[in-house]
Amino acid sequence: MQPRRRFRPVARSVAAAAAAAAALAVLAGAPGAPGLGFVSGGRPELAPTRGGSPTGGEGVALRATGMQPTYVPNPTHKETKRNRKVKVMARMPCQWFSTAEIMRRIVTVLIHNNEEKFRDAPMRTKDLMKEIGLTGYQMKIKRYVNEALYLLLGQKVIFKAKTSPIRWELHEEYRKDGLPPISKNKRKPWALSWLLQFERTKKPKYGPVHGEYRNRPWVPFAKRGEQWECQNCGFIEQGKLPTCTKCRIGQTPHITQEMIETMEI
């Protein structure tokens with residue numbers, strides 16, 4: 001049994017090289033195709049059109065095109081800041097913004113995007129977290145930003161435009177009287193955020209963060225069966241509700257002004 005050849009025969013490679021040299025010589029000296037060979041050093045002709053070659057000849061010219069773009073930018077997609085990734089920002093040192101500061105920054109970003117030209121609208125929670133500059137532990141979990149978002153939701157400053165994922169927009173009640181001014185300086189975007197003031201910047205002691213709470217406490221359970229007379233219409237109420245069920249104006253004497261002032265929500 002003969003051993004397997006490890007290299008190709010030399011004669012085959014020599015014959016292929018000779019054939020290639022002969023073809024190049026024929027192309028270089030062919031009549032009627034001036035300037036198409038590399039030996040002569042001439043310039044390639046322009047690409048032929050439908051009516052023939054631009055120079056009037058019948059020869060085939062070289063055709064060269066540059067690199068074509070593989071990505072066509074979408075004019076409807078808004079540009080975002082570079083290097084803004086959740087995992088990278090979560091590894092940064094935490095700045096520990098307060099709830100009030102997060103609320104002011106959220107509203108500033110949404111006012112800036114009111115015409116939907118700044119970022120994609122409605123804005124997702126993660127996009128808001130990036131725009132307001134949360135880092136570290138406040139970026140890892142949504143506990144801190146959700147507290148600020150739902151406080152604004154309960155005060156009808158923002159609302160959920162979409163869900164899954166949740167997207168946020170300014171509420172119509174907040175827009176109807178005009179929007180407050182914000183800073184247009186890219187280096188100081190929060191310069192005028194101190195102008196934004198809210199009724200509540202601390203979550204309630206009981207109940208949901210975005211719930212609507214009454215201005216006065218309930219009638220104590222021990223006094224709900226006692227009768228009282230409405231000072232406005234004279235109706236005899238059973239004491240189950242804090243206001244008169246007939247005129248809706250008179251208040252029960254079981255709730256004093258001191259209880260209203262010292263109550264905690």
# chains A, B, ... in the order shown; residues from 1 in each chain; ligands from 1
$ residues_around --residues "range 152-167 of chain A" --least-positions-apart "3" --cutoff "9 Å" --atoms "only C-alpha atoms" --output "ChimeraX atom specification"
/A:103,107,110,121-125,147-149,170-175,198-201,209-212
$ select_by_dssp --residues "range 110-249 of chain A" --states "strand (DSSP E or B)" --output "list in words"
Met123, Arg124, Ile158, Phe159, Lys160, Ala161, Lys162, Arg167, Trp168, Glu169, Leu170, Trp228, Glu229, Ile236, Glu237 and Thr243 of chain A
$ write_last_selection --atoms "N, CA and C atoms" --output "short mmCIF file (atom, residue, chain, number, x, y, z; two decimals), in the first residue's frame"
data_model
loop_
_atom_site.label_atom_id
_atom_site.label_comp_id
_atom_site.auth_asym_id
_atom_site.auth_seq_id
_atom_site.Cartn_x
_atom_site.Cartn_y
_atom_site.Cartn_z
N MET A 123 -42.92 57.53 28.11
CA MET A 123 -41.62 57.07 28.58
C MET A 123 -41.78 55.91 29.55
N ARG A 124 -40.91 54.93 29.41
CA ARG A 124 -40.91 53.78 30.31
C ARG A 124 -40.24 54.14 31.64
N ILE A 158 -49.10 62.97 36.82
CA ILE A 158 -48.81 62.06 35.72
C ILE A 158 -49.86 60.95 35.72
N PHE A 159 -49.87 60.15 34.69
CA PHE A 159 -50.79 59.01 34.63
C PHE A 159 -50.15 57.92 33.78
N LYS A 160 -50.68 56.71 33.93
CA LYS A 160 -50.19 55.57 33.16
C LYS A 160 -50.82 55.61 31.76
N ALA A 161 -50.00 55.87 30.78
CA ALA A 161 -50.50 55.90 29.41
C ALA A 161 -50.63 54.49 28.83
N LYS A 162 -49.69 53.61 29.20
CA LYS A 162 -49.70 52.23 28.73
C LYS A 162 -49.21 51.32 29.84
N ARG A 167 -45.81 52.85 30.93
CA ARG A 167 -45.30 54.09 30.33
C ARG A 167 -46.05 55.27 30.92
N TRP A 168 -45.34 56.39 31.10
CA TRP A 168 -45.88 57.54 31.84
C TRP A 168 -45.96 58.77 30.95
N GLU A 169 -47.00 59.59 31.24
CA GLU A 169 -47.20 60.88 30.58
C GLU A 169 -47.73 61.88 31.59
N LEU A 170 -47.66 63.15 31.24
CA LEU A 170 -48.24 64.19 32.09
C LEU A 170 -49.76 64.11 32.06
N TRP A 228 -77.14 62.99 66.39
CA TRP A 228 -76.74 64.40 66.48
C TRP A 228 -77.55 65.20 65.47
N GLU A 229 -77.75 66.45 65.78
CA GLU A 229 -78.58 67.34 64.97
C GLU A 229 -77.69 68.21 64.08
N ILE A 236 -81.85 65.06 61.90
CA ILE A 236 -81.31 64.20 62.95
C ILE A 236 -80.54 63.07 62.28
N GLU A 237 -79.27 63.07 62.50
CA GLU A 237 -78.40 62.06 61.90
C GLU A 237 -78.04 61.00 62.94
N THR A 243 -70.52 63.78 57.87
CA THR A 243 -71.31 64.91 57.38
C THR A 243 -72.77 64.52 57.30
#
$ residues_around --residues "Phe235 in chain A" --least-positions-apart "6" --cutoff "12 Å" --atoms "only C-alpha atoms" --output "VMD selection string"
chain A and resid 227 to 229 243 to 252
$ residues_around --residues "Lys85 in chain A" --least-positions-apart "3" --cutoff "10 Å" --atoms "only C-alpha atoms" --output "PyMOL selection string"
chain A and resi 81-82+88-90+126-127+130
